[in-house]
file protein36.txt (compact mmCIF, C-alpha atoms)
# COMPACT_ATOMS: atom_id res chain seq x y z
CA MET U 30 -7.89 52.97 48.42
CA SER U 31 -7.05 50.75 45.46
CA SER U 32 -9.43 50.93 42.51
CA LEU U 33 -9.40 47.11 42.61
CA THR U 34 -11.02 47.08 46.07
CA PRO U 35 -14.83 46.71 46.14
CA PRO U 36 -16.78 49.51 47.85
CA LYS U 37 -16.79 49.53 51.65
CA GLY U 38 -19.45 47.27 53.05
CA THR U 39 -19.38 44.92 50.05
CA ARG U 40 -17.33 41.77 49.47
CA ASP U 41 -16.13 39.33 46.85
CA PHE U 42 -16.89 35.65 47.41
CA GLY U 43 -14.54 32.98 46.09
CA PRO U 44 -15.48 29.40 45.17
CA GLU U 45 -15.14 27.99 48.70
CA GLU U 46 -17.14 30.86 50.20
CA MET U 47 -19.85 30.48 47.57
CA SER U 48 -20.04 26.76 48.23
CA ARG U 49 -20.67 27.53 51.90
CA ARG U 50 -23.14 30.32 51.12
CA ASP U 51 -25.02 28.03 48.74
CA TYR U 52 -25.27 25.50 51.57
CA ILE U 53 -26.99 28.17 53.70
CA PHE U 54 -29.28 29.29 50.86
CA ASN U 55 -30.23 25.71 49.97
CA THR U 56 -30.94 24.79 53.59
CA ILE U 57 -33.24 27.79 54.01
CA ARG U 58 -34.86 27.36 50.59
CA ASN U 59 -35.63 23.68 51.27
CA VAL U 60 -37.48 24.55 54.48
CA PHE U 61 -39.44 27.31 52.74
CA VAL U 62 -40.53 24.89 50.00
CA GLN U 63 -41.33 22.17 52.57
CA TYR U 64 -43.70 24.59 54.31
CA GLY U 65 -45.52 25.40 51.07
CA TYR U 66 -44.12 28.82 50.13
CA HIS U 67 -43.68 29.93 46.51
CA HIS U 68 -40.56 31.58 45.07
CA ILE U 69 -40.75 35.08 43.56
CA GLU U 70 -38.24 37.82 42.75
CA THR U 71 -38.55 41.61 42.51
CA PRO U 72 -36.19 44.14 40.86
CA ALA U 73 -33.06 45.39 42.63
CA MET U 74 -34.32 48.95 42.21
CA GLU U 75 -37.72 50.41 43.02
CA ASN U 76 -39.27 53.81 42.52
CA LEU U 77 -38.40 56.00 45.50
CA SER U 78 -42.11 56.69 45.88
CA THR U 79 -42.45 53.00 46.74
CA LEU U 80 -39.62 52.98 49.28
CA LEU U 81 -39.73 56.34 51.05
CA GLY U 82 -41.76 56.69 54.23
CA LYS U 83 -41.91 52.96 55.01
CA TYR U 84 -38.81 52.66 57.21
CA GLY U 85 -38.94 55.83 59.30
CA ASP U 86 -36.72 58.87 58.97
CA GLU U 87 -33.55 56.98 59.87
CA GLY U 88 -34.31 54.20 57.40
CA ASP U 89 -35.00 56.70 54.62
CA LYS U 90 -31.54 58.20 55.17
CA LEU U 91 -29.97 54.77 54.50
CA LEU U 92 -31.56 54.36 51.07
CA PHE U 93 -29.14 54.23 48.14
CA ARG U 94 -30.57 56.57 45.51
CA ILE U 95 -29.91 56.15 41.79
CA LEU U 96 -29.24 59.27 39.73
CA ASN U 97 -31.59 59.78 36.80
CA SER U 98 -29.98 58.86 33.50
CA GLY U 99 -28.74 61.55 31.13
CA ASP U 100 -28.66 65.15 32.31
CA PHE U 101 -29.96 64.53 35.83
CA LEU U 102 -29.58 68.24 36.72
CA LYS U 103 -31.84 69.37 33.88
CA LYS U 104 -34.98 69.77 36.00
CA THR U 105 -33.16 71.29 38.98
CA ASP U 106 -33.67 74.94 39.89
CA LYS U 107 -30.21 76.47 39.50
CA LYS U 108 -30.77 78.83 42.42
CA VAL U 109 -31.67 75.91 44.69
CA LEU U 110 -28.68 73.99 43.34
CA ALA U 111 -26.36 76.87 44.19
CA GLN U 112 -27.49 76.77 47.82
CA GLY U 113 -25.96 73.29 48.10
CA ASN U 114 -28.71 71.64 50.19
CA TYR U 115 -29.02 68.16 48.76
CA GLU U 116 -32.42 67.54 50.41
CA ASP U 117 -33.92 70.28 48.25
CA ILE U 118 -32.79 68.73 44.98
CA ILE U 119 -32.70 64.98 45.63
CA SER U 120 -36.26 64.40 44.40
CA ASP U 121 -35.38 66.14 41.11
CA ILE U 122 -32.23 64.16 40.35
CA ALA U 123 -33.15 60.68 41.66
CA GLU U 124 -36.46 58.92 41.07
CA LYS U 125 -35.31 55.36 41.86
CA GLY U 126 -33.37 53.63 44.61
CA LEU U 127 -31.92 50.25 45.53
CA ARG U 128 -34.29 48.24 47.70
CA TYR U 129 -33.73 48.54 51.46
CA ASP U 130 -35.48 45.27 52.27
CA LEU U 131 -37.67 42.68 50.56
CA THR U 132 -40.90 43.29 52.48
CA VAL U 133 -41.91 46.65 50.99
CA PRO U 134 -41.23 45.47 47.39
CA PHE U 135 -43.27 42.36 48.24
CA ALA U 136 -46.20 44.51 49.38
CA ARG U 137 -45.97 46.46 46.12
CA PHE U 138 -45.88 43.13 44.20
CA VAL U 139 -48.99 41.87 46.00
CA VAL U 140 -50.99 44.99 45.20
CA GLN U 141 -49.85 45.04 41.57
CA HIS U 142 -50.64 41.33 41.06
CA ARG U 143 -53.64 41.01 43.39
CA ASN U 144 -55.88 39.73 40.59
CA GLU U 145 -53.38 36.98 39.70
CA ILE U 146 -52.65 35.51 43.14
CA THR U 147 -54.78 33.57 45.62
CA PHE U 148 -54.99 34.69 49.25
CA PRO U 149 -53.58 33.81 51.67
CA PHE U 150 -50.46 34.11 49.51
CA LYS U 151 -47.30 32.43 50.77
CA ARG U 152 -44.05 33.52 49.14
CA PHE U 153 -40.32 33.48 49.70
CA GLN U 154 -37.48 35.56 48.25
CA ILE U 155 -33.70 35.13 48.47
CA GLN U 156 -32.11 38.30 47.09
CA PRO U 157 -29.63 41.06 48.01
CA VAL U 158 -30.63 44.36 49.61
CA TRP U 159 -28.64 47.57 50.10
CA ARG U 160 -28.32 50.03 52.98
CA ALA U 161 -26.02 53.06 53.21
CA ASP U 162 -25.01 52.07 56.72
CA ARG U 163 -21.63 52.36 58.44
CA PRO U 164 -19.85 49.04 57.82
CA GLN U 165 -18.83 47.07 60.91
CA LYS U 166 -18.80 43.48 62.14
CA GLY U 167 -21.97 41.78 60.98
CA ARG U 168 -23.22 44.93 59.21
CA TYR U 169 -22.77 45.35 55.46
CA ARG U 170 -23.99 47.73 52.79
CA GLU U 171 -24.89 44.89 50.46
CA PHE U 172 -26.23 41.70 51.98
CA TYR U 173 -28.64 38.87 51.26
CA GLN U 174 -31.99 38.41 52.93
CA CYS U 175 -33.97 35.19 52.83
CA ASP U 176 -37.57 36.29 53.38
CA VAL U 177 -40.71 34.24 53.88
CA ASP U 178 -44.16 35.85 54.26
CA VAL U 179 -47.82 34.95 54.26
CA ILE U 180 -50.24 37.74 53.39
CA GLY U 181 -54.04 37.84 53.42
CA SER U 182 -54.56 36.11 56.78
CA ASP U 183 -55.01 37.43 60.33
CA SER U 184 -54.48 34.02 61.94
CA LEU U 185 -51.82 33.83 64.65
CA LEU U 186 -51.08 30.31 63.45
CA ASN U 187 -48.90 32.08 60.89
CA GLU U 188 -46.72 33.55 63.67
CA VAL U 189 -46.33 30.04 65.05
CA GLU U 190 -45.30 28.79 61.61
CA MET U 191 -42.63 31.50 61.35
CA ILE U 192 -41.20 30.44 64.72
CA LYS U 193 -41.28 26.77 63.75
CA MET U 194 -39.56 27.41 60.41
CA ALA U 195 -36.84 29.35 62.22
CA GLU U 196 -36.35 26.47 64.63
CA VAL U 197 -36.04 23.92 61.82
CA ILE U 198 -33.62 26.08 59.81
CA PHE U 199 -31.26 26.77 62.70
CA LYS U 200 -31.32 23.15 63.83
CA ARG U 201 -30.29 22.09 60.32
CA LEU U 202 -27.52 24.70 60.36
CA ASN U 203 -26.43 23.54 63.87
CA ILE U 204 -26.78 27.05 65.33
CA ASN U 205 -28.24 27.30 68.83
CA VAL U 206 -30.53 30.33 69.07
CA ASN U 207 -32.88 32.25 71.33
CA ILE U 208 -36.17 33.28 69.73
CA LEU U 209 -37.36 36.63 71.12
CA ILE U 210 -40.95 37.79 70.68
CA ASN U 211 -42.90 40.93 71.51
CA ASN U 212 -45.92 42.77 70.14
CA ARG U 213 -46.05 46.33 68.86
CA LYS U 214 -49.53 46.69 70.41
CA ILE U 215 -47.95 46.07 73.82
CA LEU U 216 -45.39 48.80 73.11
CA THR U 217 -48.19 51.14 72.01
CA GLY U 218 -50.03 50.34 75.25
CA ILE U 219 -46.92 51.13 77.27
CA ALA U 220 -46.58 54.46 75.45
CA GLU U 221 -50.20 55.20 76.36
CA VAL U 222 -49.84 54.44 80.08
CA ILE U 223 -46.72 56.60 80.43
CA GLY U 224 -48.60 59.44 78.74
CA HIS U 225 -46.85 59.48 75.36
CA ALA U 226 -49.09 57.65 72.89
CA ASP U 227 -48.15 60.28 70.32
CA LYS U 228 -44.46 59.34 70.57
CA ILE U 229 -44.70 55.60 69.83
CA VAL U 230 -42.42 55.93 66.77
CA PRO U 231 -39.48 57.68 68.53
CA ILE U 232 -39.94 55.34 71.51
CA THR U 233 -39.67 52.20 69.39
CA VAL U 234 -36.81 53.63 67.32
CA ALA U 235 -34.85 54.39 70.50
CA ILE U 236 -35.65 51.07 72.21
CA ASP U 237 -34.58 49.21 69.09
CA LYS U 238 -31.03 50.54 69.63
CA MET U 239 -30.75 49.39 73.25
CA ASP U 240 -28.44 46.44 72.50
CA LYS U 241 -26.11 48.76 70.56
CA ILE U 242 -26.09 51.96 72.64
CA GLY U 243 -27.24 50.87 76.11
CA LEU U 244 -30.13 51.95 78.33
CA ASP U 245 -28.58 55.28 79.36
CA ASN U 246 -28.21 56.41 75.75
CA VAL U 247 -31.76 55.29 75.00
CA LYS U 248 -32.85 57.49 77.90
CA ASN U 249 -30.87 60.46 76.54
CA GLU U 250 -32.35 60.01 73.06
CA LEU U 251 -35.90 59.88 74.41
CA ILE U 252 -35.36 62.96 76.57
CA GLU U 253 -34.23 64.79 73.41
CA LYS U 254 -37.52 63.66 71.80
CA GLY U 255 -39.55 65.29 74.59
CA ILE U 256 -40.02 62.46 77.08
CA SER U 257 -39.29 63.64 80.61
CA GLU U 258 -36.97 61.86 83.01
CA ASP U 259 -39.97 61.00 85.21
CA ASP U 260 -41.81 59.44 82.26
CA PHE U 261 -38.70 57.49 81.29
CA GLY U 262 -38.70 56.21 84.87
CA LYS U 263 -42.18 54.79 84.19
CA LEU U 264 -40.91 53.17 80.96
CA LYS U 265 -37.72 51.66 82.41
CA PRO U 266 -39.36 48.82 84.43
CA PHE U 267 -41.00 47.51 81.25
CA LEU U 268 -37.65 47.41 79.46
CA GLU U 269 -36.06 45.51 82.36
CA LEU U 270 -38.96 43.11 82.98
CA LYS U 271 -37.73 39.73 84.25
CA GLY U 272 -39.23 36.32 84.98
CA SER U 273 -40.92 33.57 83.00
CA ASN U 274 -43.12 34.34 80.01
CA ALA U 275 -46.23 33.76 82.13
CA GLU U 276 -44.93 36.07 84.88
CA LYS U 277 -44.16 38.82 82.37
CA ILE U 278 -47.63 38.51 80.84
CA ASN U 279 -49.23 38.77 84.30
CA VAL U 280 -47.26 41.95 85.10
CA LEU U 281 -48.10 43.49 81.74
CA SER U 282 -51.78 42.62 82.13
CA LYS U 283 -51.86 44.50 85.45
CA TYR U 284 -50.14 47.65 84.17
CA LEU U 285 -51.86 47.78 80.78
CA GLU U 286 -55.41 46.94 81.91
CA LYS U 287 -56.64 50.43 80.97
CA SER U 288 -55.08 50.30 77.49
CA GLU U 289 -57.35 48.58 74.99
CA ILE U 290 -54.62 48.19 72.38
CA GLY U 291 -52.11 47.04 74.99
CA MET U 292 -54.47 44.31 76.22
CA LYS U 293 -55.10 43.21 72.62
CA GLY U 294 -51.35 42.76 72.22
CA ILE U 295 -51.22 40.69 75.41
CA ASP U 296 -54.08 38.49 74.15
CA GLU U 297 -52.19 37.92 70.89
CA ILE U 298 -48.96 37.02 72.70
CA ARG U 299 -50.83 34.68 75.04
CA THR U 300 -52.49 32.97 72.06
CA VAL U 301 -49.13 32.43 70.34
CA PHE U 302 -47.66 30.88 73.49
CA ASN U 303 -50.73 28.65 73.88
CA TYR U 304 -50.26 27.39 70.31
CA LEU U 305 -46.54 26.83 70.91
CA SER U 306 -47.25 24.80 74.06
CA SER U 307 -49.08 22.22 71.92
CA ILE U 308 -46.13 21.57 69.61
CA SER U 309 -42.43 20.90 70.08
CA VAL U 310 -40.05 23.88 69.86
CA ASP U 311 -36.54 22.99 71.03
CA PHE U 312 -35.12 26.52 71.29
CA PRO U 313 -36.20 29.02 73.97
CA VAL U 314 -39.02 31.36 72.90
CA ILE U 315 -38.74 34.39 75.18
CA LEU U 316 -41.11 37.33 75.66
CA ASP U 317 -38.81 40.38 75.54
CA VAL U 318 -40.67 43.65 76.16
CA SER U 319 -37.57 45.65 75.17
CA LEU U 320 -37.76 44.17 71.65
CA ALA U 321 -39.03 46.92 69.36
CA ARG U 322 -37.67 46.52 65.80
CA GLY U 323 -37.37 50.00 64.34
CA LEU U 324 -39.29 49.52 61.09
CA ASN U 325 -42.48 51.56 61.14
CA TYR U 326 -44.65 49.07 59.27
CA TYR U 327 -44.89 46.47 62.08
CA THR U 328 -48.26 46.47 63.89
CA GLY U 329 -48.46 43.17 65.79
CA ALA U 330 -46.09 40.38 66.76
CA ILE U 331 -42.39 41.09 66.27
CA LEU U 332 -39.66 38.45 66.26
CA GLU U 333 -35.90 38.52 66.58
CA ILE U 334 -33.52 35.58 66.69
CA LYS U 335 -30.04 35.65 68.18
CA ALA U 336 -27.26 33.09 68.23
CA GLN U 337 -26.54 31.80 71.73
CA ASP U 338 -22.82 31.28 71.20
CA VAL U 339 -21.72 34.32 69.14
CA ALA U 340 -22.19 38.02 69.94
CA ILE U 341 -23.26 39.45 66.59
CA GLY U 342 -26.75 40.90 67.00
CA SER U 343 -29.84 39.39 65.44
CA ILE U 344 -29.48 36.85 62.63
CA SER U 345 -33.18 36.76 61.83
CA GLY U 346 -36.17 38.97 62.48
CA GLY U 347 -39.65 39.86 61.36
CA GLY U 348 -43.20 40.49 62.41
CA ARG U 349 -46.78 41.29 61.44
CA TYR U 350 -47.82 44.27 59.34
CA ASP U 351 -51.49 45.19 58.89
CA ASP U 352 -51.30 48.37 56.84
CA LEU U 353 -48.40 47.95 54.42
CA THR U 354 -50.41 47.02 51.33
CA GLY U 355 -52.94 49.72 52.26
CA ILE U 356 -50.28 52.32 51.48
CA PHE U 357 -50.35 51.03 47.90
CA GLY U 358 -54.15 50.84 47.68
CA LEU U 359 -55.07 47.37 49.00
CA GLU U 360 -56.80 47.77 52.37
CA ASN U 361 -57.44 45.15 55.07
CA THR U 362 -54.73 42.74 53.97
CA SER U 363 -52.60 41.68 56.90
CA GLY U 364 -49.29 39.91 56.50
CA VAL U 365 -46.56 38.40 58.64
CA GLY U 366 -43.06 37.35 57.73
CA ILE U 367 -39.55 36.64 58.88
CA SER U 368 -36.20 37.38 57.28
CA PHE U 369 -33.00 35.36 57.65
CA GLY U 370 -29.76 37.31 57.28
CA ALA U 371 -27.56 35.00 55.21
CA ASP U 372 -24.41 37.08 55.73
CA ARG U 373 -24.66 37.12 59.52
CA ILE U 374 -25.54 33.42 59.52
CA TYR U 375 -22.39 32.83 57.46
CA ASP U 376 -20.32 34.82 59.97
CA VAL U 377 -21.77 32.85 62.89
CA MET U 378 -21.07 29.51 61.22
CA SER U 379 -17.52 30.60 60.36
CA GLU U 380 -16.82 31.72 63.94
CA LEU U 381 -18.14 28.41 65.31
CA ASN U 382 -16.23 26.36 62.67
CA LEU U 383 -19.50 24.74 61.61
CA PHE U 384 -18.50 24.56 57.94
CA GLU U 385 -15.74 22.09 58.81
CA LYS U 386 -18.45 19.52 59.55
CA ILE U 387 -20.20 20.07 56.22
CA ASP U 388 -19.25 18.34 53.00
CA THR U 389 -19.81 21.37 50.77
CA ASP U 390 -19.31 21.26 47.01
CA LYS U 391 -16.11 19.39 46.23
CA LEU U 392 -14.83 17.86 43.04
CA GLN U 393 -15.25 14.10 43.05
CA VAL U 394 -12.64 13.17 40.43
CA LEU U 395 -9.75 14.87 38.63
CA LEU U 396 -8.52 12.90 35.62
CA ILE U 397 -4.76 13.13 35.08
CA ASN U 398 -3.76 14.13 31.54
CA PHE U 399 -0.83 12.30 29.93
CA GLY U 400 -1.50 13.50 26.38
CA GLY U 401 -1.71 11.35 23.25
CA GLU U 402 -3.84 8.20 23.27
CA PRO U 403 -4.32 8.28 27.09
CA GLU U 404 -5.74 11.79 26.77
CA ILE U 405 -8.42 10.55 24.33
CA LYS U 406 -9.27 7.71 26.70
CA ALA U 407 -9.44 10.17 29.61
CA LEU U 408 -11.73 12.46 27.60
CA LYS U 409 -14.16 9.59 26.93
CA THR U 410 -14.02 8.58 30.60
CA LEU U 411 -14.66 12.18 31.70
CA TYR U 412 -18.01 12.33 29.93
CA TYR U 413 -18.89 8.80 31.03
CA LEU U 414 -18.46 9.94 34.66
CA ARG U 415 -20.41 13.16 34.12
CA ASP U 416 -23.23 11.29 32.38
CA ASN U 417 -23.47 9.19 35.55
CA ASN U 418 -23.73 12.24 37.84
CA VAL U 419 -20.13 12.18 39.05
CA SER U 420 -18.52 15.64 39.25
CA ALA U 421 -15.30 15.36 37.27
CA GLN U 422 -12.65 17.43 35.50
CA LEU U 423 -9.87 16.52 33.09
CA TYR U 424 -6.71 18.55 33.57
CA PRO U 425 -6.48 20.47 30.27
CA ASP U 426 -2.74 20.08 29.65
CA ALA U 427 -0.28 17.17 29.74
CA ALA U 428 1.67 18.84 32.56
CA LYS U 429 3.96 17.24 35.10
CA ILE U 430 2.02 14.82 37.27
CA LYS U 431 3.16 16.60 40.46
CA LYS U 432 1.52 19.81 39.22
CA GLN U 433 -1.68 17.96 38.38
CA PHE U 434 -1.84 16.35 41.83
CA ALA U 435 -1.30 19.76 43.43
CA TYR U 436 -4.18 21.10 41.36
CA ALA U 437 -6.37 18.22 42.57
CA ASP U 438 -5.50 19.19 46.16
CA SER U 439 -6.40 22.83 45.49
CA LEU U 440 -9.86 21.70 44.33
CA ASN U 441 -10.30 19.35 47.31
CA ALA U 442 -10.82 16.53 44.80
CA LYS U 443 -11.66 13.26 46.52
CA TYR U 444 -10.05 11.09 43.84
CA THR U 445 -7.62 11.32 40.98
CA LEU U 446 -7.97 8.98 38.01
CA ILE U 447 -4.75 7.94 36.30
CA ILE U 448 -4.97 6.67 32.73
CA GLY U 449 -1.51 6.22 31.26
CA GLN U 450 -0.50 4.12 28.27
CA ASN U 451 -0.27 1.00 30.45
CA GLU U 452 -3.85 1.51 31.67
CA VAL U 453 -5.06 2.05 28.09
CA ASP U 454 -3.38 -1.19 26.93
CA ASN U 455 -4.82 -3.21 29.83
CA GLU U 456 -8.25 -1.49 29.87
CA VAL U 457 -7.99 -0.55 33.57
CA TYR U 458 -7.80 2.63 35.67
CA GLN U 459 -5.68 3.70 38.62
CA VAL U 460 -7.89 5.37 41.26
CA LYS U 461 -6.12 7.30 44.02
CA ASN U 462 -7.95 8.42 47.16
CA MET U 463 -6.59 11.92 47.78
CA ILE U 464 -7.55 11.81 51.45
CA THR U 465 -6.06 8.45 52.47
CA GLY U 466 -3.43 8.17 49.72
CA GLU U 467 -4.67 4.65 48.89
CA GLN U 468 -4.39 3.70 45.20
CA LYS U 469 -5.99 0.73 43.49
CA THR U 470 -6.54 -0.69 40.02
CA VAL U 471 -10.14 -1.05 38.82
CA THR U 472 -11.91 -2.20 35.69
CA HIS U 473 -14.47 -0.15 33.76
CA GLN U 474 -17.28 -2.08 35.47
CA GLU U 475 -15.85 -1.18 38.90
CA LEU U 476 -15.09 2.47 38.14
CA LEU U 477 -18.33 4.16 39.23
CA ASP U 478 -18.37 2.36 42.57
CA ALA U 479 -14.70 3.17 43.13
CA VAL U 480 -15.13 6.94 42.72
CA SER U 481 -18.53 7.22 44.41
CA ALA U 482 -17.53 6.00 47.87
call {"tool": "encode", "arguments": {"input": "protein36.txt", "output": "C-alpha cells"}}
result
Amino acid sequence: MSSLTPPKGTRDFGPEEMSRRDYIFNTIRNVFVQYGYHHIETPAMENLSTLLGKYGDEGDKLLFRILNSGDFLKKTDKKVLAQGNYEDIISDIAEKGLRYDLTVPFARFVVQHRNEITFPFKRFQIQPVWRADRPQKGRYREFYQCDVDVIGSDSLLNEVEMIKMAEVIFKRLNINVNILINNRKILTGIAEVIGHADKIVPITVAIDKMDKIGLDNVKNELIEKGISEDDFGKLKPFLELKGSNAEKINVLSKYLEKSEIGMKGIDEIRTVFNYLSSISVDFPVILDVSLARGLNYYTGAILEIKAQDVAIGSISGGGRYDDLTGIFGLENTSGVGISFGADRIYDVMSELNLFEKIDTDKLQVLLINFGGEPEIKALKTLYYLRDNNVSAQLYPDAAKIKKQFAYADSLNAKYTLIIGQNEVDNEVYQVKNMITGEQKTVTHQELLDAVSA
C-alpha cells in the first residue's frame, strides 16, 4: 500500500464532498438548535477507565488504544512481555483511547460538570468517533456522529421528541425512512420467560447481528453461549413477530404477563405510541421485537432508523440509559438520545442522487484578470462584492481568458465578471452567466442585482 494512502477505513474529503457533508451537518444542527439543545464538545481521546466496560466485550475489542508517551514498556514486566500475550500488558502500555461513541464521554461530562448544568440537560455533539472494525460498505473506522441527548428526565415525552426530530431531519434531507422501536425491558422479559434471564447480554448481542448474519447464525451463536435448541425455539417466535403495532403489543402482553420487567417495557412502548398518535409523524414507526442494539448501557426504549430505498443498515439509532452516569458516581439520572450517522447518510444521499437537487456551496462570481489598470479595478470590485455578501474570487494571474473560464467552470461559478480596459474606460462590467452562456453589460448600480440572481 502506498504511504500516501490514508489508513483503511478512513477517507479524504475534497471541496465538493465537504460542501455536501456540511449540508448534512447544517441540516441536522439546525433541527437540534430548533428543538432547544445546546452544543458541547468532548476530547477525541478519553481515559480507558472511562471507556472500557461500557460497550460489552465485543465493543471493548474495537477500541483504538493510544500508547503511553515515552518509554511505554517501562512499567511492563519483562517476563510477561516475553510471553507475547498482549492482553496481559495492554493496561501497562496504554492508559488512553480514542472515543468509541459520544454517549459515554457525554455521561462523563455530565458527572464532571453536574454542579454547572441545569437538569434536564439537553445537548448535542457533532464529532468523529473511531472503531477498529473491519471496513466495508457503510462501515468505517473513523466516522462522524451527530448526537442529541436529554439527561435528568424519566419522561417518555423525550422518546417522542427523538422520533420527531428524526422525522424532521430525514424529511429535510429527502430520505424516506422506517423508524424501528423496541424496549430493552421487553427483551429482558423475553429472556426471563424462556428461562435465561442471566443471559440477557449474549442474547441481545446475538440478536443485534440478525440483519448481518441471519437467524440461523444467531441461533448457532446462542447455542454456543449455553442456550438450548428448545429454548431458542421459544425465542424464535418473538423475533419473527408480525402484525400491526397493536397486535404485537397484545401478543407480547399475553406471553410476558408473568414478567414484571417485561410488562413495564410494554407499558412504556404503549405510552410512546399513545403520544405519537396525538401528533403527526409521516414515516412509519414500527415495533420490532428483534431490534436489540448491542450496547450494554441501554435500559429502556431503543430506536433504529433505516432508509427505505437503500440497503445499508441503520443510519440512525439510540435509546434510553438509566445507569450510565451511575457508573461515574451520579445515581438516578436517566437519559435518552439518538445518534445520526453522517457518513452513512452521505452514502445514502449519494446513491439516491439527492445532492444533485441541492445547491451546495458554489462560487457566485469569478472576476477575470487582465492585469494592469483593469486588475486594480477588478480588485476594488472584488472587495465591494464580498462586503455585500457575494462569494467572489479574482483570478490571481493575468492568464489567457480561456484558462480563466475553465477555472470558473471547475469551481462551478455561477457568473464571471469581465473588466477589461474598455469596461474601465466606460465604467461598466460584462457579466456572463456560466450556466446559460448569456452575457450582458451592467453599470455599477446594477452589478449586485446582476450577480445575485
call {"tool": "residues_around", "arguments": {"input": "protein36.txt", "residues": "U:Asn207", "least_positions_apart": "3", "cutoff": "6 Å", "atoms": "only C-alpha atoms", "output": "list in words"}}
result
Pro313, Ile334 and Lys335 of chain U
call {"tool": "closest_atom_pairs", "arguments": {"input": "protein36.txt", "of": "stretch 325-413 of chain U", "to": "stretch 162-183 of chain U", "cutoff": "8 Å", "atoms": "all atoms listed in the file", "output": "Markdown table"}}
result
| residue | atom | partner | partner_atom | distance |
| --- | --- | --- | --- | --- |
| U:Ile341 | CA | U:Gly167 | CA | 6.2 |
| U:Gly342 | CA | U:Gly167 | CA | 7.7 |
| U:Thr362 | CA | U:Gly181 | CA | 5.0 |
| U:Ser363 | CA | U:Gly181 | CA | 5.4 |
| U:Gly364 | CA | U:Ile180 | CA | 3.9 |
| U:Val365 | CA | U:Asp178 | CA | 5.6 |
| U:Gly366 | CA | U:Asp178 | CA | 3.9 |
| U:Ile367 | CA | U:Val177 | CA | 5.7 |
| U:Ser368 | CA | U:Asp176 | CA | 4.3 |
| U:Phe369 | CA | U:Cys175 | CA | 4.9 |
| U:Gly370 | CA | U:Gln174 | CA | 5.0 |
| U:Ala371 | CA | U:Tyr173 | CA | 5.6 |
| U:Asp372 | CA | U:Phe172 | CA | 6.2 |
| U:Arg373 | CA | U:Gly167 | CA | 5.6 |
| U:Asp376 | CA | U:Gly167 | CA | 7.2 |
call {"tool": "atom_distance", "arguments": {"input": "protein36.txt", "atom1": "atom CA of U:Ile397", "atom2": "atom CA of U:Ser48"}}
result
24.3 Å
call {"tool": "closest_residue", "arguments": {"input": "protein36.txt", "among": "U:Ser481, U:Phe399, U:Tyr129, U:Glu467", "to": "U:Val419", "atoms": "all atoms listed in the file"}}
result
U:Ser481
call {"tool": "residues_around", "arguments": {"input": "protein36.txt", "residues": "stretch 453-456 of chain U", "least_positions_apart": "6", "cutoff": "8 Å", "atoms": "only C-alpha atoms", "output": "list in words"}}
result
Glu402, Pro403, Lys406, Thr472 and His473 of chain U
call {"tool": "residues_around", "arguments": {"input": "protein36.txt", "residues": "U:Glu87", "least_positions_apart": "5", "cutoff": "10 Å", "atoms": "only C-alpha atoms", "output": "ChimeraX atom specification"}}
result
/U:82,92,234,323-324
call {"tool": "atom_distance", "arguments": {"input": "protein36.txt", "atom1": "atom CA of U:Ile356", "atom2": "atom CA of U:Ile232"}}
result
22.7 Å
call {"tool": "closest_atom_pairs", "arguments": {"input": "protein36.txt", "of": "stretch 104-213 of chain U", "to": "stretch 217-226 of chain U", "cutoff": "12 Å", "atoms": "only C-alpha atoms", "output": "JSON lines"}}
result
{"residue": "U:Asn211", "atom": "CA", "partner": "U:Thr217", "partner_atom": "CA", "distance": 11.5}
{"residue": "U:Asn212", "atom": "CA", "partner": "U:Thr217", "partner_atom": "CA", "distance": 8.9}
{"residue": "U:Arg213", "atom": "CA", "partner": "U:Thr217", "partner_atom": "CA", "distance": 6.1}
call {"tool": "atom_distance", "arguments": {"input": "protein36.txt", "atom1": "atom CA of U:Asn441", "atom2": "atom CA of U:Lys391"}}
result
5.9 Å
call {"tool": "closest_residue", "arguments": {"input": "protein36.txt", "among": "U:Leu332, U:Ala427, U:Met191, U:Ala161", "to": "U:Lys37", "atoms": "all atoms listed in the file"}}
result
U:Ala161
call {"tool": "closest_residue", "arguments": {"input": "protein36.txt", "among": "U:Lys228, U:Lys214, U:Lys265, U:Arg349", "to": "U:Leu244", "atoms": "only C-alpha atoms"}}
result
U:Lys265
call {"tool": "axis_aligned_box", "arguments": {"input": "protein36.txt", "around": "stretch 191-198 of chain U", "padding_each_side": "8 Å", "output": "AutoDock Vina command-line options"}}
result
--center_x -38.1 --center_y 27.7 --center_z 62.3 --size_x 25.0 --size_y 23.6 --size_z 20.9
call {"tool": "closest_residue", "arguments": {"input": "protein36.txt", "among": "U:Leu209, U:Ile387, U:Leu268, U:Leu395", "to": "U:Ala336", "atoms": "all atoms listed in the file"}}
result
U:Leu209
call {"tool": "residues_around", "arguments": {"input": "protein36.txt", "residues": "U:Ile295", "least_positions_apart": "4", "cutoff": "12 Å", "atoms": "only C-alpha atoms", "output": "ChimeraX atom specification"}}
result
/U:210-219,274-275,277-286,288-291,299-302,316,318,329-330
call {"tool": "residues_around", "arguments": {"input": "protein36.txt", "residues": "U:Ile146", "least_positions_apart": "6", "cutoff": "12 Å", "atoms": "all atoms listed in the file", "output": "JSON, numbers by chain"}}
result
{"U": [67, 69, 138, 139, 140, 152, 180, 181]}
call {"tool": "residues_near_point", "arguments": {"input": "protein36.txt", "point": "(-43.4, 52.4, 61.9)", "cutoff": "7 Å", "atoms": "only C-alpha atoms", "output": "ChimeraX atom specification"}}
result
/U:84-85,230,323-327
call {"tool": "residues_near_point", "arguments": {"input": "protein36.txt", "point": "(-21.9, 25.3, 54.8)", "cutoff": "10 Å", "atoms": "all atoms listed in the file", "output": "short mmCIF file (atom, residue, chain, number, x, y, z; two decimals) with C-alpha atoms, in the coordinates of the input"}}
result
data_model
loop_
_atom_site.label_atom_id
_atom_site.label_comp_id
_atom_site.auth_asym_id
_atom_site.auth_seq_id
_atom_site.Cartn_x
_atom_site.Cartn_y
_atom_site.Cartn_z
CA GLU U 45 -15.14 27.99 48.70
CA GLU U 46 -17.14 30.86 50.20
CA MET U 47 -19.85 30.48 47.57
CA SER U 48 -20.04 26.76 48.23
CA ARG U 49 -20.67 27.53 51.90
CA ARG U 50 -23.14 30.32 51.12
CA ASP U 51 -25.02 28.03 48.74
CA TYR U 52 -25.27 25.50 51.57
CA ILE U 53 -26.99 28.17 53.70
CA PHE U 54 -29.28 29.29 50.86
CA ASN U 55 -30.23 25.71 49.97
CA THR U 56 -30.94 24.79 53.59
CA LEU U 202 -27.52 24.70 60.36
CA TYR U 375 -22.39 32.83 57.46
CA MET U 378 -21.07 29.51 61.22
CA SER U 379 -17.52 30.60 60.36
CA ASN U 382 -16.23 26.36 62.67
CA LEU U 383 -19.50 24.74 61.61
CA PHE U 384 -18.50 24.56 57.94
CA GLU U 385 -15.74 22.09 58.81
CA LYS U 386 -18.45 19.52 59.55
CA ILE U 387 -20.20 20.07 56.22
CA ASP U 388 -19.25 18.34 53.00
CA THR U 389 -19.81 21.37 50.77
CA ASP U 390 -19.31 21.26 47.01
#
